[in-house]
Amino acid sequence: MVQSTGVKKKFNKQFFLNNGLYVVMLALIAVIAFISPKFLSLVVLRDILMQSSTRIIVALGCMFILIAAGADLSGGRMVGFAAVVSGSLAQASTYSNPFFVNHADLPILVPVLVSVVVGLIIGMMNGYIVAKLDVPAFIATLGTSMFIYGLNSLYFNLPPNNSQPLGGYQKAFTELGAGSIAGIPFITLIALGCMVFVFILLNKTCLGKEIYAVGGNEEAAKFSGINIFKIQMFVYSMAGVLYALAGVLEAARTGSATSNYGAGYELDAIASCIVGGCSITGGVGTVQGVFVGVLIFNVISYGLTFIGVSSYWQNVVKGIIIVAAVAIDVRKYRTKS
Amino acid sequence: MGKSDVVLEMRNIDKEFPGVKALNHVSLQVRKGTVHALMGENGAGKSTLMKCAFGIYHPSAGEIFIDGEKTEFKNTRDAMDQGISMIHQELHPINTRSVMENIWVGRVPHRKIGPIHVVDERKMYKETVELFKGLNLDIDPRKKVGELSVSICQLLEIARAVSYGAKVIIMDEPTSSLTETETEILFAIIKKLKVQGVAIIYISHKMEEILKISDEVTIMRDGSLVGSWIANELTQDLIVTRMVGREMTQRFPQRHNVPGDIMLEVENLTSVNPHSFKGVSFHVKKGEILGVGGLVGAQRTELMEAIFGIRKIDSGSIKINGKQVQIKSASDAIENKIALLTEERRSTGIVPMLSVLENTVLAKQTAHTHKYQTSLRLLVDRKRADDTLQFVDSLSIKTPNIKTQIQYLSGGNQQKVLLGRWLLTEPEILILDEPTRGIDVGAKYEIYTIMEQLASQGKSIIMISSEMTELMGMSDRIIVMCEGYISGMMDGKTATDEKIMHCASSHRN
Amino acid sequence: MKKLLSLSLALLLAFTMTACGDASASEEAGKAGAEEQLVAGMVWYNFGDTFITATRNAVSDAAEGGNIKIDAADSQVDISTQTNNINNLLTKDVDFLTINNINPAGAPEYIAKAKEKDIPVIFVNCDSPSDEDLNSYDKAFHISSAAEQSGYIQGDLASQYWNENPAADRNGNGKMDYIMLVGMQGNYDSKMRTEKSVERVIENGIEVNLIQEALCNWQRAEAQNQVASIIAARRDDIDVIFANNDDMALGAIEALKASGFFADEDSYIPVLGVDATKVGVEAIKEGTLMGSSLNNPVILGSTVYKMIELLSEGKEITTETLGRTVSEDGNHIWLDYVQITAENTEDAEY
């Protein structure tokens, strides 16, 4: 009896802890809108969603890793690699500074698929290093991130390109990044699709449940017959695919690509996930939470620029939010003493 | 015993947490040079009361007296300064530092050379040796704590409490990880402390222990005091009745199971690890409960984990129903209808932040995914909930609902959820490793009942237990292990403490 | 599953190796030369930087067939890494040291170290060490584009557009309302371009008003995001966008396009970059990027190599021997920026 009321109370508190995130976001929007009422417009909403789209996809990849109690620092460089690979394959044959001389216009599915496959391979590599070679995930992915960046720079520097920013994409590819249907940008739709896919995978499939179990208590999962290796391989591969997809869309959206694309995205993604309620110790994380986490960061950077606040302040605010979110997170999952 | 003997008195203590009254007018008098047992089921408020006595919690109402003087504890440091020490259930020694540094941490003997405090190693060593001598402890003060066993660490904690000059030492389940011999060492130390006038507050679920060493017993239930009695006036049954608040006539259920054909046969099983089990052969019959006794370190858990495919085997064979099987992983074991309820509920059992539901279906979902899936390979939540509810019902698991995170359930209920997890895989062979450790009496009885029912249904049950009464009370047959070997086998009905202990230590020397 | 995995890993490795092989072939070629090879240690601030990579490529092209081996190190935009790189190269007893310095305060120390080893030291494409420091050692040189020029070019182009198009003042307040996209805080180029562009506009007698300064870390995506936000907030006030490099300028153009600019002549907004990258020049041809300026990495790279070659032959560096303007005291070499607009895009070829 005593215990069950205790549980209930804990839930009330947890309810507030969980929803603190929404409160923070609404407060942010309210403050910005108070200073500049124009902020509450469809254009702004569309811009923020569009800018969040690629970040959401990266963060979803990162979420898989965090739920499985792993770590992944290779996300940003993977985005960059995928951006350059897809960019190099998506150029129009008429472009005057092509990456590949004398190529025909490839169907845009080709750059997308090639990049995604590259992401998959690198993701599998991460998974293998972590799960089979037992290298701590943090170190393993730090290593692959350097490795990927190096590969990317080498590829990007191939003559005749010699490290020039890529450009001259086929119309269809640019359209993928900049076009919209009924006012909703394609890339936002793709991000939405990814969210639905990940949501179903995590909540409605056995595999998803196993990922949560492995992250929540790897030993218990092992004793319950779950193949830890398989799960680790899966989460890192999945993350690799999502990073690569984000990279492709980033190239399409900006109409360019350089080997520096994606730099630092992995940390932004981790921050968004944590702010969105993923636990640093694994086993916890929701698609909705991560979505709001990403949105918060984009509302901050977009909103503060919108009201003319200096870029330096944006980082101050972001930093405070990350620390506050983790402080809440720690309390949320603190077990009864 | 006069009033003047009372060293610690807690009077009408209330403790409220938001929305919960954890303690309701609880009073306690602890006398100098006595062992005062504090008993009650999990959640009765024992630990909360002790946390109030040790300055971890501040009582919402009530008074605390030390040697008749009213006092208050600002924090644990304050409580320690006033002569209260507490030895926790779970220890947190600094494994990489020496025994003596662990004892004196925070107040290391030092000399001042100019502005610099220099550790006086010699003085520290000398004082540690003296301290250990007073307690009959034979531990090298210079050894790293990480190299010592858990039980020795427990004794170190006690030595540390003594070194603070404690008048009252609170021991919360001190024997939960100790073997019988280690327990004896602990009891000898307690006796010495009593002579020195130290009062001990002793929390334990083990009734024999309580009756053996305590002078007085206080029983709590649901945050309230049931009463305090002189230990001599109590019997196990009386204690149980008062703890549970209802009659408990038997500690073990009547058994009706009839052992049949051989189900599992293990031959000459040897671990790849030379320090683990060697040449182990035994069998379990259908409908039989096989007890596995032995001391901590006898490699019982390792053996069972090897049968379950978690640990590697060097040689030997495992037969199920007469057919040789290869088990290389837990999923192989589950496929062969083996279940393993592990000893360490927290580290290898529950997934704390997942719900009761997710924890219950975990193994079945992995092994028999198709039973929960639609043709699109999506999970059907209703089927999973039905399975869970079935066991919440049949095992009477107390939980607000099946979406509650398992970490908020009591130990006994967590254990029942885990049992449900394994029963869902429809096992024929159940290996239960210390199934009732850290569980209160009521829940223990329920688990025994379930074991009996399963055996009656023809399942084979292997139960590792370090509790003699449990081994003898529940097993049809008992095998005893010592240092990786099977050192004895006996009938459950004719087994005695002495026989088991003899086998458990027969490979020693 | 396992086989598939090892296969894919093997493929990836193979790919890596061939990729490495291709790219390093040119550098390797030089190594196989004569026994008595001189080594030039080169420290670059960031291998990932487009301009630096182009300069490095130009150096290796120039070194091909020559007798001097290049040992290049990447400081990864980090001062302590740069210091380590310099120390490592000095320990390796290189015969020349070039530093693409990101730590101006460290310059005197670097000169002293080179002096100790008695090897020439050349500061490349960075803030100049003080004349006192440069003069303290006769083998210390500084070669760089005149960073302020790139700012002046932007300022002149903006002024010209402003004076020729009455509609340029989009909100009619008589002031040039501009957005400044900043590359990197504390970076010398970034600072010069930010300051000098606007200074020149004011010198040309035009009043200015800063709408917003946005720090975009040289990144296209970052600039695109921030400009999108500024457009949403102050769409009708923006007259000109100055960007410290082409990548950011193109990001701004992308954002402008997305919100309906560059659809026709009336929705044109002058955007100015620096670097004249290939994509930048494409945008100039397309009519979106108004202008850029070129600090030709090929000229920089080949001139650096030429300097090393001259020094190795024991010759003096003068305007005549080098073919570039050398300052009177003989230790500064200033390379000019070239203005690139729709009229002269062919000048951006290198």
# chains A, B, ... in the order shown; residues from 1 in each chain; ligands from 1

$ select_by_dssp --residues "range 163-307 of chain A" --states "strand (DSSP E or B)" --output "short mmCIF file (atom, residue, chain, number, x, y, z; two decimals) with C-alpha atoms, in the first residue's frame"
data_model
loop_
_atom_site.label_atom_id
_atom_site.label_comp_id
_atom_site.auth_asym_id
_atom_site.auth_seq_id
_atom_site.Cartn_x
_atom_site.Cartn_y
_atom_site.Cartn_z
CA LEU A 166 30.73 20.60 -55.43
CA TYR A 169 23.47 19.33 -59.44
CA SER A 180 7.87 21.00 -51.67
CA ILE A 181 4.45 19.49 -52.06
CA ILE A 184 5.54 21.04 -47.14
CA PRO A 185 9.21 20.63 -48.10
CA ALA A 257 28.94 19.79 -50.67
#

$ interface_residues --of "chain B" --to "chain A" --cutoff "6 Å" --atoms "only C-alpha atoms" --output "PyMOL selection string"
chain B and resi 20+330-331+348-349+351+363+378-379

$ write_last_selection --atoms "N, CA and C atoms" --output "compact mmCIF listing (two decimals), in the first residue's frame"
# COMPACT_ATOMS: atom_id res chain seq x y z
N VAL B 20 3.20 9.88 0.92
CA VAL B 20 3.35 8.58 1.57
C VAL B 20 3.73 8.79 3.02
N ALA B 330 22.23 -18.49 -24.81
CA ALA B 330 20.98 -18.54 -24.06
C ALA B 330 19.83 -18.92 -24.97
N SER B 331 19.88 -18.46 -26.22
CA SER B 331 18.74 -18.78 -27.07
C SER B 331 18.71 -20.28 -27.40
N THR B 348 21.61 -9.12 -13.74
CA THR B 348 21.36 -10.01 -14.87
C THR B 348 19.89 -10.36 -15.05
N GLY B 349 19.02 -9.76 -14.25
CA GLY B 349 17.61 -10.11 -14.36
C GLY B 349 16.76 -9.00 -14.94
N VAL B 351 15.37 -5.40 -16.39
CA VAL B 351 15.79 -4.22 -17.15
C VAL B 351 15.06 -3.07 -16.47
N ALA B 363 11.85 -12.72 -22.76
CA ALA B 363 12.47 -13.95 -23.27
C ALA B 363 11.59 -14.62 -24.33
N LEU B 378 4.62 -7.06 -37.15
CA LEU B 378 4.43 -6.06 -36.10
C LEU B 378 3.92 -6.76 -34.85
N LEU B 379 4.29 -6.21 -33.70
CA LEU B 379 3.89 -6.84 -32.45
C LEU B 379 2.43 -6.56 -32.14

$ interface_residues --of "chain C" --to "chain A" --cutoff "9 Å" --atoms "only C-alpha atoms" --output "CSV table (one decimal) with C-alpha atoms, in the first residue's frame"
chain,number,residue,atom,x,y,z
C,5,LEU,CA,30.4,-8.8,-43.2
C,8,SER,CA,32.1,-5.9,-47.2
C,9,LEU,CA,34.9,-4.9,-44.7
C,12,LEU,CA,36.0,-1.2,-48.0
C,16,THR,CA,40.5,2.8,-49.0
C,19,ALA,CA,41.9,5.8,-52.8
C,20,CYS,CA,45.0,6.4,-50.7
C,22,ASP,CA,45.8,7.6,-56.0
C,23,ALA,CA,45.9,10.7,-54.0
C,24,SER,CA,49.3,10.3,-52.5
C,47,PHE,CA,43.7,20.3,-44.6
C,48,GLY,CA,39.9,20.4,-44.9
C,49,ASP,CA,39.9,24.0,-46.1
C,50,THR,CA,39.2,24.3,-49.8
C,51,PHE,CA,41.7,27.1,-50.3
C,53,THR,CA,44.0,22.2,-50.2
C,54,ALA,CA,44.2,24.0,-53.5
C,57,ASN,CA,48.0,20.9,-54.5
C,211,ILE,CA,21.0,44.5,-40.1
C,212,GLN,CA,22.8,41.6,-38.5
C,213,GLU,CA,26.1,40.0,-38.2
C,214,ALA,CA,25.9,36.2,-38.3
C,215,LEU,CA,28.8,33.9,-37.4
C,216,CYS,CA,28.6,31.0,-39.8
C,219,GLN,CA,29.8,26.9,-43.6
C,220,ARG,CA,27.3,27.0,-46.4
C,221,ALA,CA,24.5,25.2,-44.5
C,224,GLN,CA,21.6,29.2,-45.3
C,225,ASN,CA,19.9,28.6,-42.0
C,226,GLN,CA,20.7,32.0,-40.5
C,227,VAL,CA,19.9,34.0,-43.6
C,228,ALA,CA,16.6,32.2,-43.9
C,229,SER,CA,15.8,33.4,-40.4
C,230,ILE,CA,16.9,37.0,-41.1
C,231,ILE,CA,14.8,37.1,-44.3
C,232,ALA,CA,11.7,35.9,-42.4
C,233,ALA,CA,12.3,38.6,-39.8
C,234,ARG,CA,13.3,41.6,-42.0
C,247,ASP,CA,30.4,29.1,-49.5
C,250,LEU,CA,26.0,30.7,-51.8
C,251,GLY,CA,24.2,29.5,-48.7
C,254,GLU,CA,20.1,29.4,-51.5
C,255,ALA,CA,18.0,30.9,-48.6
C,258,ALA,CA,13.9,29.6,-51.3
C,259,SER,CA,12.0,32.7,-50.2
C,277,THR,CA,35.5,28.9,-56.0
C,278,LYS,CA,34.3,27.0,-59.0
C,279,VAL,CA,30.7,26.9,-57.6
C,280,GLY,CA,31.1,30.5,-56.8
C,282,GLU,CA,29.2,29.3,-61.7

$ residues_around --residues "range 185-195 of chain C" --least-positions-apart "6" --cutoff "10 Å" --atoms "only C-alpha atoms" --output "MDAnalysis selection string"
(chainID A and resid 312) or (chainID C and resid 102:104 125:128 145:155 213 215:218 242:245 273:274)

$ residues_around --residues "Leu234 in chain B" --least-positions-apart "3" --cutoff "12 Å" --atoms "only C-alpha atoms" --output "PyMOL selection string"
chain B and resi 37+207-208+210-212+214-219+227-231+237-242

$ atom_distance --atom1 "CA of Gly287 in chain C" --atom2 "CA of Ile241 in chain C"
14.8 Å

$ residues_around --residues "Glu309 in chain C" --least-positions-apart "6" --cutoff "12 Å" --atoms "only C-alpha atoms" --output "ChimeraX atom specification"
/C:38-40,59,62-63,66-70,95-96,120,302-303,315-317,321-322

$ residues_around --residues "range 409-425 of chain B" --least-positions-apart "4" --cutoff "6 Å" --atoms "only C-alpha atoms" --output "number ranges by chain"
B: 339, 360-361, 364, 391, 397, 439, 443

$ write_last_selection --atoms "N, CA, C and O atoms" --output "CSV table (one decimal), in the first residue's frame"
chain,number,residue,atom,x,y,z
B,339,ALA,N,15.2,-22.8,-18.6
B,339,ALA,CA,15.1,-21.5,-18.1
B,339,ALA,C,16.1,-21.3,-17.0
B,339,ALA,O,16.3,-22.2,-16.2
B,360,THR,N,8.4,-8.9,-18.6
B,360,THR,CA,7.8,-10.3,-18.5
B,360,THR,C,7.9,-11.0,-19.9
B,360,THR,O,8.3,-12.1,-19.9
B,361,VAL,N,7.7,-10.3,-21.0
B,361,VAL,CA,7.6,-10.9,-22.3
B,361,VAL,C,9.0,-11.1,-22.9
B,361,VAL,O,9.1,-11.7,-24.0
B,364,LYS,N,10.3,-14.7,-24.1
B,364,LYS,CA,9.4,-15.3,-25.0
B,364,LYS,C,9.4,-14.6,-26.4
B,364,LYS,O,9.4,-15.2,-27.4
B,391,PHE,N,0.2,-13.7,-15.7
B,391,PHE,CA,1.2,-14.0,-14.6
B,391,PHE,C,1.1,-13.0,-13.4
B,391,PHE,O,1.3,-13.4,-12.3
B,397,ILE,N,1.4,-10.8,-8.5
B,397,ILE,CA,2.4,-9.7,-8.5
B,397,ILE,C,1.8,-8.4,-8.2
B,397,ILE,O,0.8,-8.0,-8.8
B,439,ILE,N,14.3,-11.6,-0.3
B,439,ILE,CA,12.8,-11.5,-0.5
B,439,ILE,C,12.2,-11.8,0.9
B,439,ILE,O,12.7,-12.6,1.7
B,443,ALA,N,6.6,-13.5,0.4
B,443,ALA,CA,6.9,-13.7,-1.0
B,443,ALA,C,7.6,-15.0,-1.2
B,443,ALA,O,7.5,-15.8,-2.2

$ atom_distance --atom1 "CA of Gly301 in chain C" --atom2 "CA of Arg56 in chain C"
6.4 Å

$ atom_distance --atom1 "CA of Val105 in chain B" --atom2 "CA of Pro93 in chain B"
10.2 Å

$ select_by_dssp --residues "range 208-239 of chain C" --states "helix (DSSP H, G or I)" --output "list in words"
Arg220, Ala221, Glu222, Ala223, Gln224, Asn225, Gln226, Val227, Ala228, Ser229, Ile230, Ile231, Ala232, Ala233, Arg234, Arg235, Asp236 and Asp237 of chain C

$ residues_around --residues "Gln160 in chain C" --least-positions-apart "4" --cutoff "12 Å" --atoms "only C-alpha atoms" --output "NGL selection string"
:C and (153-156 or 164-166 or 168 or 200-201 or 204-206 or 240 or 270 or 290-291)
